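Notes follow once the structure below has been shown.
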There are 2 protein chains.
Amino acid sequence: MSTDTAILVNGERNTAVHVFDRGFQYGDGVFETIAVYQGSPLLWEQHIERLTFGARRLNIPVPDPAVLRHEAEKLCDGNARAVLKLILTRGMSTRGYSPHTADHPTRVLIRSAWPDYPNSAFHEGVRVRICHTRLGHNPQLAGIKHLNRLEQVLARAEWGSEYAEGLMCDQEGFVIEGTMSNIFSVKNGVLRTPDVTRCGVEGVMRAMVLQAARKLQVPCEIGTLAVTELESATELFLTNSLIGVWPIRQLQDKDYIVGPITHTIQDAIRDAHCFNRY
Amino acid sequence: MSTDTAILVNGERNTAVHVFDRGFQYGDGVFETIAVYQGSPLLWEQHIERLTFGARRLNIPVPDPAVLRHEAEKLCDGNARAVLKLILTRGMSTRGYSPHTADHPTRVLIRSAWPDYPNSAFHEGVRVRICHTRLGHNPQLAGIKHLNRLEQVLARAEWGSEYAEGLMCDQEGFVIEGTMSNIFSVKNGVLRTPDVTRCGVEGVMRAMVLQAARKLQVPCEIGTLAVTELESATELFLTNSLIGVWPIRQLQDKDYIVGPITHTIQDAIRDAHCFNRY
């Protein structure tokens, strides 16, 4: 099993979902994007915990984690490196927004090829822009990795391949996250990442970094992050479950170094989770 | 062709879409819900115009309207009354939010049975609640009938069958719309409906009502609508392409009459568009 892509829909080899699936009709579901290394999904417990957190808030029943794990391993067996995307929707229902008739969630597991990220992204950092597309505030959906991703699509449409990532602000102009990553800044030795209780995704790697910082006794704050604070920061980095920790070497026209705290966090994440062993 | 449901995916009889369709992955698309009467989709031009408006803002190419019309007629032929849902997604793409590799939009047409709305809804009005779930502001997505509908799903999950509709407020507490309808109020002879430039959907029937009001010289305002303004209104009604105009007879615990302006608007809509001929 080593073709580029393989898909399981409710445990069966399939490539399609029903048109009436609420994932298609309304984006009524959640997802996880997981790094696969030597046939195993990494940070599995954390991903299942976050999936469960989101699904509970949307009142979607979560399948038995043992079943998900079994299917994930079946799909990823023999793959040295791959990406596993796990989608959980509320399932099929009759016409209308009411979720009351949907009682069989749909689970879709997709194994894709590992993206060809350049080694330099991890070591030397990446170029990043600030997107015009902004995130709307909705505390009820904030933090959840749900399937309503139009804001990210519109933000990502703003550039081609000239940047590795784009940062998104909320309606008030505060920086919240990247289209596919969370953001951290360092200033005066203090690590800072935006609060995601009004919008944004509570990234699994973001939580790992916060945990590592606490263990390493790096002072860390969660709060608002203004664009001007990014400009005065000495280090910036991005996180997600695939990239691990990527330093930002250029934001808009300003250059940044790959600094000591970024290195420390990269080492901590690498030691614990066999990431980015380039 | 008269079974309850029939589906065309890109012109072919089918019930499924690919897991990689961006409608399923991200809610990356738009839709229309259209009333079908004697085999014909009603307000067709207006629906295609709104679909085009939304698709253009998301930069999704719109299929030839003649093709859509042909498929709609094929699907609805022989149906005295039905509902036609037209979904247009950006199509399939490889992994990631970037829309640049998606160049074949997916069109899905679904014909469903006409809902068994009671006659009393049109004549005597309906019971309505105010939802706890609020709408997030995003001017970039506001007005568009896009596939990111989690807010509506969560709002609709708040009740069962005890109400016909629930009103949704924005993050500031202003009333914007129902989960599946737009709202109008009448006070001192002035018709008022919320502005939908920060959130909400620019309903086709909402536009018809505004047009009818102008023609009938009923003074009409588009602006903010506070919950207290609903309470002091003398008439309230809901609009969408299936229900036409439904008076609200009770909002939370307060009763309303089906007043003269509501009747006038109902007559205008009925005369022009063969709606609600119970």
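Every chain in the structure tokens takes a letter, A first, then B, and so on in the order presented; its residues are numbered from 1, and the ligands are numbered from 1 following the presented order.
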
Could you find all residues in region 25-123 of chain A that DSSP calls strand (DSSP E or B) from the backbone, and write them as a PDB file with N, CA and C atoms, in the first residue's frame?
```pdb
ATOM      1  N   GLY A  29     -19.022  19.426  10.378  1.00  0.00           N
ATOM      2  CA  GLY A  29     -18.113  18.405  10.865  1.00  0.00           C
ATOM      3  C   GLY A  29     -16.780  18.997  11.288  1.00  0.00           C
ATOM      4  N   VAL A  30     -15.878  18.118  11.670  1.00  0.00           N
ATOM      5  CA  VAL A  30     -14.548  18.524  12.136  1.00  0.00           C
ATOM      6  C   VAL A  30     -13.481  17.692  11.419  1.00  0.00           C
ATOM      7  N   PHE A  31     -12.238  18.123  11.512  1.00  0.00           N
ATOM      8  CA  PHE A  31     -11.176  17.324  10.895  1.00  0.00           C
ATOM      9  C   PHE A  31      -9.858  17.471  11.641  1.00  0.00           C
ATOM     10  N   GLU A  32      -8.953  16.555  11.355  1.00  0.00           N
ATOM     11  CA  GLU A  32      -7.600  16.565  11.892  1.00  0.00           C
ATOM     12  C   GLU A  32      -6.639  16.303  10.737  1.00  0.00           C
ATOM     13  N   THR A  33      -5.497  16.956  10.768  1.00  0.00           N
ATOM     14  CA  THR A  33      -4.446  16.661   9.804  1.00  0.00           C
ATOM     15  C   THR A  33      -3.239  16.161  10.602  1.00  0.00           C
ATOM     16  N   ILE A  34      -2.821  14.954  10.321  1.00  0.00           N
ATOM     17  CA  ILE A  34      -1.884  14.236  11.183  1.00  0.00           C
ATOM     18  C   ILE A  34      -0.646  13.801  10.390  1.00  0.00           C
ATOM     19  N   ALA A  35       0.519  13.992  10.978  1.00  0.00           N
ATOM     20  CA  ALA A  35       1.756  13.511  10.352  1.00  0.00           C
ATOM     21  C   ALA A  35       1.879  12.009  10.588  1.00  0.00           C
ATOM     22  N   VAL A  36       2.278  11.293   9.553  1.00  0.00           N
ATOM     23  CA  VAL A  36       2.500   9.845   9.667  1.00  0.00           C
ATOM     24  C   VAL A  36       3.995   9.578   9.508  1.00  0.00           C
ATOM     25  N   TYR A  37       4.554   8.814  10.427  1.00  0.00           N
ATOM     26  CA  TYR A  37       5.991   8.518  10.410  1.00  0.00           C
ATOM     27  C   TYR A  37       6.176   7.030  10.671  1.00  0.00           C
ATOM     28  N   SER A  40       3.042   5.097  11.485  1.00  0.00           N
ATOM     29  CA  SER A  40       2.233   5.484  12.656  1.00  0.00           C
ATOM     30  C   SER A  40       1.818   6.951  12.629  1.00  0.00           C
ATOM     31  N   PRO A  41       0.564   7.219  12.996  1.00  0.00           N
ATOM     32  CA  PRO A  41       0.136   8.620  13.124  1.00  0.00           C
ATOM     33  C   PRO A  41       0.758   9.225  14.379  1.00  0.00           C
ATOM     34  N   ARG A  81       6.586   8.131   5.441  1.00  0.00           N
ATOM     35  CA  ARG A  81       6.084   9.487   5.720  1.00  0.00           C
ATOM     36  C   ARG A  81       4.818   9.713   4.918  1.00  0.00           C
ATOM     37  N   ALA A  82       3.837  10.251   5.539  1.00  0.00           N
ATOM     38  CA  ALA A  82       2.589  10.547   4.829  1.00  0.00           C
ATOM     39  C   ALA A  82       1.792  11.543   5.659  1.00  0.00           C
ATOM     40  N   VAL A  83       0.694  11.994   5.075  1.00  0.00           N
ATOM     41  CA  VAL A  83      -0.239  12.855   5.800  1.00  0.00           C
ATOM     42  C   VAL A  83      -1.551  12.101   5.928  1.00  0.00           C
ATOM     43  N   LEU A  84      -2.096  12.078   7.123  1.00  0.00           N
ATOM     44  CA  LEU A  84      -3.397  11.453   7.343  1.00  0.00           C
ATOM     45  C   LEU A  84      -4.395  12.536   7.693  1.00  0.00           C
ATOM     46  N   LYS A  85      -5.452  12.650   6.895  1.00  0.00           N
ATOM     47  CA  LYS A  85      -6.523  13.584   7.232  1.00  0.00           C
ATOM     48  C   LYS A  85      -7.724  12.787   7.682  1.00  0.00           C
ATOM     49  N   LEU A  86      -8.243  13.157   8.844  1.00  0.00           N
ATOM     50  CA  LEU A  86      -9.389  12.453   9.416  1.00  0.00           C
ATOM     51  C   LEU A  86     -10.550  13.446   9.444  1.00  0.00           C
ATOM     52  N   ILE A  87     -11.604  13.121   8.715  1.00  0.00           N
ATOM     53  CA  ILE A  87     -12.781  14.001   8.684  1.00  0.00           C
ATOM     54  C   ILE A  87     -13.940  13.286   9.370  1.00  0.00           C
ATOM     55  N   LEU A  88     -14.597  13.984  10.267  1.00  0.00           N
ATOM     56  CA  LEU A  88     -15.780  13.429  10.934  1.00  0.00           C
ATOM     57  C   LEU A  88     -16.946  14.382  10.710  1.00  0.00           C
ATOM     58  N   THR A  89     -17.982  13.906  10.008  1.00  0.00           N
ATOM     59  CA  THR A  89     -19.150  14.769   9.798  1.00  0.00           C
ATOM     60  C   THR A  89     -20.344  14.216  10.576  1.00  0.00           C
ATOM     61  N   MET A  92     -25.505  11.844   7.236  1.00  0.00           N
ATOM     62  CA  MET A  92     -26.557  12.232   6.299  1.00  0.00           C
ATOM     63  C   MET A  92     -27.832  12.632   7.027  1.00  0.00           C
ATOM     64  N   THR A 106     -20.313  10.334   9.692  1.00  0.00           N
ATOM     65  CA  THR A 106     -19.463   9.810   8.624  1.00  0.00           C
ATOM     66  C   THR A 106     -18.007  10.046   8.989  1.00  0.00           C
ATOM     67  N   ARG A 107     -17.196   9.009   8.889  1.00  0.00           N
ATOM     68  CA  ARG A 107     -15.758   9.202   9.126  1.00  0.00           C
ATOM     69  C   ARG A 107     -15.013   8.903   7.831  1.00  0.00           C
ATOM     70  N   VAL A 108     -14.139   9.818   7.478  1.00  0.00           N
ATOM     71  CA  VAL A 108     -13.344   9.673   6.255  1.00  0.00           C
ATOM     72  C   VAL A 108     -11.879   9.803   6.638  1.00  0.00           C
ATOM     73  N   LEU A 109     -11.095   8.821   6.270  1.00  0.00           N
ATOM     74  CA  LEU A 109      -9.648   8.875   6.506  1.00  0.00           C
ATOM     75  C   LEU A 109      -8.954   8.926   5.154  1.00  0.00           C
ATOM     76  N   ILE A 110      -8.112   9.909   4.979  1.00  0.00           N
ATOM     77  CA  ILE A 110      -7.408  10.087   3.710  1.00  0.00           C
ATOM     78  C   ILE A 110      -5.903  10.080   3.970  1.00  0.00           C
ATOM     79  N   ARG A 111      -5.206   9.177   3.294  1.00  0.00           N
ATOM     80  CA  ARG A 111      -3.747   9.206   3.380  1.00  0.00           C
ATOM     81  C   ARG A 111      -3.202   9.848   2.110  1.00  0.00           C
ATOM     82  N   SER A 112      -2.396  10.884   2.271  1.00  0.00           N
ATOM     83  CA  SER A 112      -1.802  11.568   1.115  1.00  0.00           C
ATOM     84  C   SER A 112      -0.285  11.542   1.235  1.00  0.00           C
ATOM     85  N   ALA A 113       0.369  11.871   0.116  1.00  0.00           N
ATOM     86  CA  ALA A 113       1.839  11.929   0.111  1.00  0.00           C
ATOM     87  C   ALA A 113       2.313  13.040   1.039  1.00  0.00           C
TER      88      ALA A 113
END
```

* **Residue neighbourhood Val17 (chain A), 12 Å, only C-alpha atoms, exclusion window fewer than 6 positions, as a PyMOL selection string** => (chain A and resi 7-10+23-25+87-89+91-92+105-109) or (chain B and resi 14-21+23-25)

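Relative to CA of Ala121 (chain A), CA of Val258 (chain A) is found at 10.8 Å.
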
Give me the residues of chain A that have any atom at most 8 Å from an atom of chain B; for each, the nearest atom pair and the distance in Å, rounded to one decimal. Use only C-alpha atoms, sort by chain and number, and format it as CSV.
```
residue,atom,partner,partner_atom,distance
A:Thr15,CA,B:Val19,CA,5.7
A:Ala16,CA,B:His18,CA,4.3
A:Val17,CA,B:Ala16,CA,5.4
A:His18,CA,B:Ala16,CA,4.3
A:Val19,CA,B:Ala16,CA,5.0
A:Gly23,CA,B:Phe24,CA,5.4
A:Phe24,CA,B:Phe24,CA,4.1
A:Gln25,CA,B:Leu147,CA,6.5
A:Tyr26,CA,B:Arg149,CA,4.7
A:Gly27,CA,B:Gly27,CA,5.1
A:Asp28,CA,B:Leu150,CA,5.8
A:Leu58,CA,B:Leu154,CA,7.2
A:Arg95,CA,B:Ser112,CA,7.9
A:Tyr97,CA,B:Val153,CA,5.0
A:Ser98,CA,B:Arg156,CA,5.3
A:Pro99,CA,B:Ala157,CA,6.0
A:His100,CA,B:Ala157,CA,7.1
A:Ser112,CA,B:Arg95,CA,7.9
A:Thr133,CA,B:Gln140,CA,7.4
A:Arg134,CA,B:Asn138,CA,7.3
A:Leu135,CA,B:Asn138,CA,6.9
A:Gly136,CA,B:Asn138,CA,5.0
A:His137,CA,B:Gly136,CA,5.0
A:Asn138,CA,B:Gly136,CA,5.0
A:Gln140,CA,B:Thr133,CA,7.4
A:Leu147,CA,B:Tyr26,CA,5.3
A:Asn148,CA,B:Asn148,CA,4.7
A:Arg149,CA,B:Tyr26,CA,4.7
A:Leu150,CA,B:Asp28,CA,5.8
A:Gln152,CA,B:Tyr97,CA,6.6
A:Val153,CA,B:Tyr97,CA,5.0
A:Leu154,CA,B:Leu58,CA,7.2
A:Arg156,CA,B:Ser98,CA,5.3
A:Ala157,CA,B:Ser98,CA,5.7
A:Gly160,CA,B:His100,CA,7.6
A:Gln171,CA,B:Asn138,CA,7.4
A:Thr179,CA,B:Tyr97,CA,7.9
```

* To do: Going by DSSP on the backbone, which bits of region 42-164 of chain B are alpha helix (DSSP H)? Write them as an MDAnalysis selection string, please.
  => chainID B and resid 44:57 65:76 119:123 150:156

Output file for the selection above: N, CA, C and O atoms, as a short mmCIF file (atom, residue, chain, number, x, y, z; two decimals), in the first residue's frame:
```
data_model
loop_
_atom_site.label_atom_id
_atom_site.label_comp_id
_atom_site.auth_asym_id
_atom_site.auth_seq_id
_atom_site.Cartn_x
_atom_site.Cartn_y
_atom_site.Cartn_z
N TRP B 44 -36.21 31.97 -11.20
CA TRP B 44 -34.97 31.40 -11.73
C TRP B 44 -33.89 32.46 -11.97
O TRP B 44 -32.75 32.31 -11.55
N GLU B 45 -34.29 33.54 -12.67
CA GLU B 45 -33.30 34.59 -12.99
C GLU B 45 -32.67 35.16 -11.72
O GLU B 45 -31.46 35.37 -11.65
N GLN B 46 -33.52 35.40 -10.72
CA GLN B 46 -33.02 35.98 -9.46
C GLN B 46 -32.07 35.02 -8.75
O GLN B 46 -31.07 35.44 -8.18
N HIS B 47 -32.41 33.73 -8.78
CA HIS B 47 -31.53 32.76 -8.13
C HIS B 47 -30.18 32.65 -8.84
O HIS B 47 -29.13 32.58 -8.20
N ILE B 48 -30.22 32.64 -10.16
CA ILE B 48 -28.96 32.54 -10.91
C ILE B 48 -28.11 33.80 -10.70
O ILE B 48 -26.89 33.74 -10.58
N GLU B 49 -28.81 34.93 -10.59
CA GLU B 49 -28.11 36.20 -10.34
C GLU B 49 -27.41 36.17 -8.98
O GLU B 49 -26.26 36.57 -8.85
N ARG B 50 -28.12 35.67 -7.98
CA ARG B 50 -27.54 35.61 -6.63
C ARG B 50 -26.40 34.59 -6.57
O ARG B 50 -25.36 34.80 -5.96
N LEU B 51 -26.60 33.43 -7.23
CA LEU B 51 -25.56 32.41 -7.30
C LEU B 51 -24.30 33.00 -7.94
O LEU B 51 -23.18 32.81 -7.47
N THR B 52 -24.51 33.73 -9.00
CA THR B 52 -23.40 34.35 -9.74
C THR B 52 -22.68 35.38 -8.87
O THR B 52 -21.45 35.43 -8.82
N PHE B 53 -23.47 36.19 -8.16
CA PHE B 53 -22.93 37.19 -7.24
C PHE B 53 -22.02 36.53 -6.20
O PHE B 53 -20.88 36.97 -5.96
N GLY B 54 -22.49 35.44 -5.60
CA GLY B 54 -21.71 34.75 -4.57
C GLY B 54 -20.48 34.07 -5.15
O GLY B 54 -19.38 34.17 -4.62
N ALA B 55 -20.69 33.37 -6.27
CA ALA B 55 -19.59 32.63 -6.90
C ALA B 55 -18.49 33.58 -7.35
O ALA B 55 -17.30 33.30 -7.19
N ARG B 56 -18.88 34.73 -7.88
CA ARG B 56 -17.87 35.71 -8.33
C ARG B 56 -17.05 36.22 -7.16
O ARG B 56 -15.84 36.37 -7.26
N ARG B 57 -17.72 36.45 -6.03
CA ARG B 57 -16.99 36.95 -4.85
C ARG B 57 -16.02 35.88 -4.33
O ARG B 57 -15.00 36.21 -3.75
N PRO B 65 -25.64 29.34 -17.58
CA PRO B 65 -27.00 29.28 -17.02
C PRO B 65 -27.95 28.43 -17.86
O PRO B 65 -28.88 27.82 -17.31
N ALA B 66 -27.72 28.36 -19.15
CA ALA B 66 -28.59 27.55 -20.01
C ALA B 66 -28.44 26.07 -19.67
O ALA B 66 -29.42 25.31 -19.69
N VAL B 67 -27.23 25.65 -19.34
CA VAL B 67 -26.99 24.26 -18.94
C VAL B 67 -27.69 23.99 -17.60
O VAL B 67 -28.37 22.97 -17.43
N LEU B 68 -27.54 24.91 -16.67
CA LEU B 68 -28.19 24.76 -15.36
C LEU B 68 -29.71 24.69 -15.53
O LEU B 68 -30.39 23.86 -14.92
N ARG B 69 -30.23 25.55 -16.38
CA ARG B 69 -31.67 25.58 -16.61
C ARG B 69 -32.15 24.26 -17.23
O ARG B 69 -33.17 23.71 -16.81
N HIS B 70 -31.39 23.78 -18.19
CA HIS B 70 -31.74 22.52 -18.85
C HIS B 70 -31.77 21.38 -17.83
O HIS B 70 -32.70 20.57 -17.80
N GLU B 71 -30.75 21.34 -16.99
CA GLU B 71 -30.68 20.27 -15.98
C GLU B 71 -31.79 20.41 -14.94
O GLU B 71 -32.36 19.41 -14.48
N ALA B 72 -32.08 21.65 -14.57
CA ALA B 72 -33.15 21.89 -13.59
C ALA B 72 -34.50 21.40 -14.15
O ALA B 72 -35.27 20.73 -13.45
N GLU B 73 -34.75 21.70 -15.41
CA GLU B 73 -36.02 21.29 -16.02
C GLU B 73 -36.11 19.78 -16.18
O GLU B 73 -37.16 19.19 -15.96
N LYS B 74 -35.00 19.19 -16.56
CA LYS B 74 -34.93 17.73 -16.69
C LYS B 74 -35.27 17.06 -15.36
O LYS B 74 -36.01 16.07 -15.30
N LEU B 75 -34.74 17.64 -14.28
CA LEU B 75 -34.90 17.06 -12.95
C LEU B 75 -36.31 17.29 -12.40
O LEU B 75 -36.83 16.46 -11.63
N CYS B 76 -36.91 18.41 -12.78
CA CYS B 76 -38.18 18.81 -12.15
C CYS B 76 -39.39 18.52 -13.02
O CYS B 76 -40.53 18.68 -12.56
N ASN B 119 -50.92 25.22 6.02
CA ASN B 119 -51.54 26.43 5.46
C ASN B 119 -51.56 27.57 6.46
O ASN B 119 -51.45 28.74 6.11
N SER B 120 -51.73 27.21 7.74
CA SER B 120 -51.85 28.23 8.78
C SER B 120 -50.60 29.10 8.87
O SER B 120 -50.68 30.26 9.30
N ALA B 121 -49.45 28.57 8.48
CA ALA B 121 -48.20 29.35 8.56
C ALA B 121 -48.32 30.62 7.73
O ALA B 121 -47.92 31.70 8.16
N PHE B 122 -48.93 30.50 6.56
CA PHE B 122 -49.07 31.64 5.66
C PHE B 122 -50.18 32.58 6.12
O PHE B 122 -50.04 33.80 6.05
N HIS B 123 -51.28 32.00 6.60
CA HIS B 123 -52.45 32.81 6.92
C HIS B 123 -52.45 33.34 8.35
O HIS B 123 -52.77 34.51 8.59
N LEU B 150 -22.33 26.21 9.56
CA LEU B 150 -22.32 25.68 10.93
C LEU B 150 -23.09 26.55 11.91
O LEU B 150 -23.71 26.05 12.85
N GLU B 151 -23.04 27.85 11.71
CA GLU B 151 -23.78 28.73 12.62
C GLU B 151 -25.28 28.43 12.56
O GLU B 151 -25.95 28.36 13.59
N GLN B 152 -25.77 28.22 11.34
CA GLN B 152 -27.20 27.91 11.17
C GLN B 152 -27.54 26.54 11.76
O GLN B 152 -28.59 26.36 12.35
N VAL B 153 -26.63 25.59 11.58
CA VAL B 153 -26.84 24.24 12.12
C VAL B 153 -26.95 24.30 13.65
O VAL B 153 -27.86 23.73 14.25
N LEU B 154 -26.02 25.03 14.27
CA LEU B 154 -26.03 25.12 15.74
C LEU B 154 -27.27 25.86 16.23
O LEU B 154 -27.86 25.50 17.26
N ALA B 155 -27.67 26.88 15.50
CA ALA B 155 -28.88 27.62 15.90
C ALA B 155 -30.10 26.71 15.77
O ALA B 155 -30.94 26.64 16.68
N ARG B 156 -30.19 25.99 14.66
CA ARG B 156 -31.36 25.13 14.43
C ARG B 156 -31.41 23.96 15.42
O ARG B 156 -32.48 23.41 15.69
#
```

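Closest approach to Val227 (chain B) among B:Met168, B:Ala212, B:Ala207, B:Ala268 is made by B:Met168 (distances from only C-alpha atoms).
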
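Of the residues under consideration (A:Val128, A:Glu165, A:Asp77, A:Gly11), A:Val128 shows the shortest atom-to-atom contact distance to Asp253 (chain A) when counting only C-alpha atoms.
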
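Closest approach to Gly178 (chain B) among B:Cys131, B:Val218, B:Met205, B:Val196: B:Cys131, based on only C-alpha atoms.
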
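Shortest separation to Thr193 (chain A) among A:Asp267, A:Glu177, A:Glu235, A:Asp103 occurs at residue A:Glu177, atoms counted being only C-alpha atoms.
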
* In Å to one decimal, how far is CA of Leu225 (chain A) from CA of Glu172 (chain A)? -> 11.0 Å

* Asked: With only C-alpha atoms as the basis for distance, which of B:Pro194, B:Gly259, B:Gly173, B:Gly189 is at the shortest distance from Thr228 (chain B)?
  -> B:Gly173

Near Val245 (chain A), counting only C-alpha atoms, which residues have an atom at most 8 Å away, once you skip same-chain residues fewer than 2 positions from it, shown as a CSV table (one decimal) with all heavy atoms, in the first residue's frame?
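To be explicit, this is the file written out as part.csv:
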```csv
chain,number,residue,atom,x,y,z
A,122,PHE,N,12.6,24.6,7.8
A,122,PHE,CA,12.9,24.3,9.2
A,122,PHE,C,14.1,25.0,9.8
A,122,PHE,O,14.1,25.5,10.9
A,122,PHE,CB,13.0,22.8,9.4
A,122,PHE,CG,13.1,22.4,10.8
A,122,PHE,CD1,12.0,22.4,11.6
A,122,PHE,CD2,14.3,21.9,11.3
A,122,PHE,CE1,12.1,22.0,13.0
A,122,PHE,CE2,14.4,21.5,12.6
A,122,PHE,CZ,13.3,21.5,13.5
A,237,PHE,N,7.7,32.4,14.9
A,237,PHE,CA,7.6,31.1,14.3
A,237,PHE,C,6.2,30.6,14.1
A,237,PHE,O,5.3,31.1,14.8
A,237,PHE,CB,8.5,30.1,15.0
A,237,PHE,CG,8.2,29.8,16.4
A,237,PHE,CD1,7.2,28.9,16.8
A,237,PHE,CD2,8.9,30.4,17.4
A,237,PHE,CE1,6.9,28.6,18.1
A,237,PHE,CE2,8.6,30.1,18.8
A,237,PHE,CZ,7.6,29.2,19.1
A,238,LEU,N,6.0,29.7,13.2
A,238,LEU,CA,4.7,29.1,12.9
A,238,LEU,C,4.7,27.6,13.4
A,238,LEU,O,5.8,27.0,13.4
A,238,LEU,CB,4.5,29.1,11.4
A,238,LEU,CG,4.5,30.4,10.6
A,238,LEU,CD1,4.5,30.2,9.1
A,238,LEU,CD2,3.4,31.3,11.1
A,239,THR,N,3.6,27.1,13.7
A,239,THR,CA,3.5,25.7,14.1
A,239,THR,C,2.3,25.1,13.5
A,239,THR,O,1.2,25.7,13.3
A,239,THR,CB,3.3,25.6,15.7
A,239,THR,OG1,2.0,26.2,16.0
A,239,THR,CG2,4.4,26.3,16.4
A,240,ASN,N,2.4,23.8,13.1
A,240,ASN,CA,1.3,22.9,12.9
A,240,ASN,C,1.8,21.5,13.0
A,240,ASN,O,3.0,21.3,13.1
A,240,ASN,CB,0.5,23.2,11.6
A,240,ASN,CG,1.1,22.7,10.3
A,240,ASN,OD1,1.8,21.8,10.3
A,240,ASN,ND2,0.7,23.3,9.2
A,243,ILE,N,4.3,20.7,9.9
A,243,ILE,CA,5.6,21.5,9.8
A,243,ILE,C,6.4,21.5,11.1
A,243,ILE,O,7.6,21.8,11.1
A,243,ILE,CB,5.3,22.9,9.3
A,243,ILE,CG1,4.6,23.7,10.4
A,243,ILE,CG2,4.6,22.9,8.0
A,243,ILE,CD1,4.4,25.2,10.0
A,247,PRO,N,10.5,28.7,11.6
A,247,PRO,CA,10.8,30.1,11.9
A,247,PRO,C,10.3,30.9,10.7
A,247,PRO,O,10.3,30.5,9.6
A,247,PRO,CB,12.4,30.1,12.0
A,247,PRO,CG,12.8,28.7,12.0
A,247,PRO,CD,11.7,27.9,11.4
A,262,THR,N,13.4,30.1,19.5
A,262,THR,CA,12.9,29.2,18.4
A,262,THR,C,13.7,27.9,18.3
A,262,THR,O,13.1,26.8,18.3
A,262,THR,CB,13.0,30.0,17.1
A,262,THR,OG1,12.3,31.2,17.2
A,262,THR,CG2,12.4,29.1,15.9
A,265,ILE,N,12.7,25.7,21.3
A,265,ILE,CA,11.4,25.0,21.1
A,265,ILE,C,11.5,23.9,20.0
A,265,ILE,O,11.0,22.9,20.2
A,265,ILE,CB,10.4,26.1,20.7
A,265,ILE,CG1,10.1,27.1,21.9
A,265,ILE,CG2,9.0,25.4,20.3
A,265,ILE,CD1,9.5,26.5,23.1
A,266,GLN,N,12.2,24.2,18.9
A,266,GLN,CA,12.4,23.2,17.9
A,266,GLN,C,13.0,22.0,18.4
A,266,GLN,O,12.6,20.8,18.2
A,266,GLN,CB,13.3,23.8,16.7
A,266,GLN,CG,12.5,24.7,15.8
A,266,GLN,CD,13.4,25.1,14.6
A,266,GLN,OE1,14.6,25.3,14.7
A,266,GLN,NE2,12.8,25.2,13.4
A,269,ILE,N,10.5,20.0,20.7
A,269,ILE,CA,9.5,19.4,19.9
A,269,ILE,C,10.1,18.2,19.1
A,269,ILE,O,9.5,17.1,19.1
A,269,ILE,CB,8.9,20.4,18.8
A,269,ILE,CG1,8.1,21.4,19.6
A,269,ILE,CG2,8.0,19.6,17.8
A,269,ILE,CD1,7.0,20.9,20.4
```
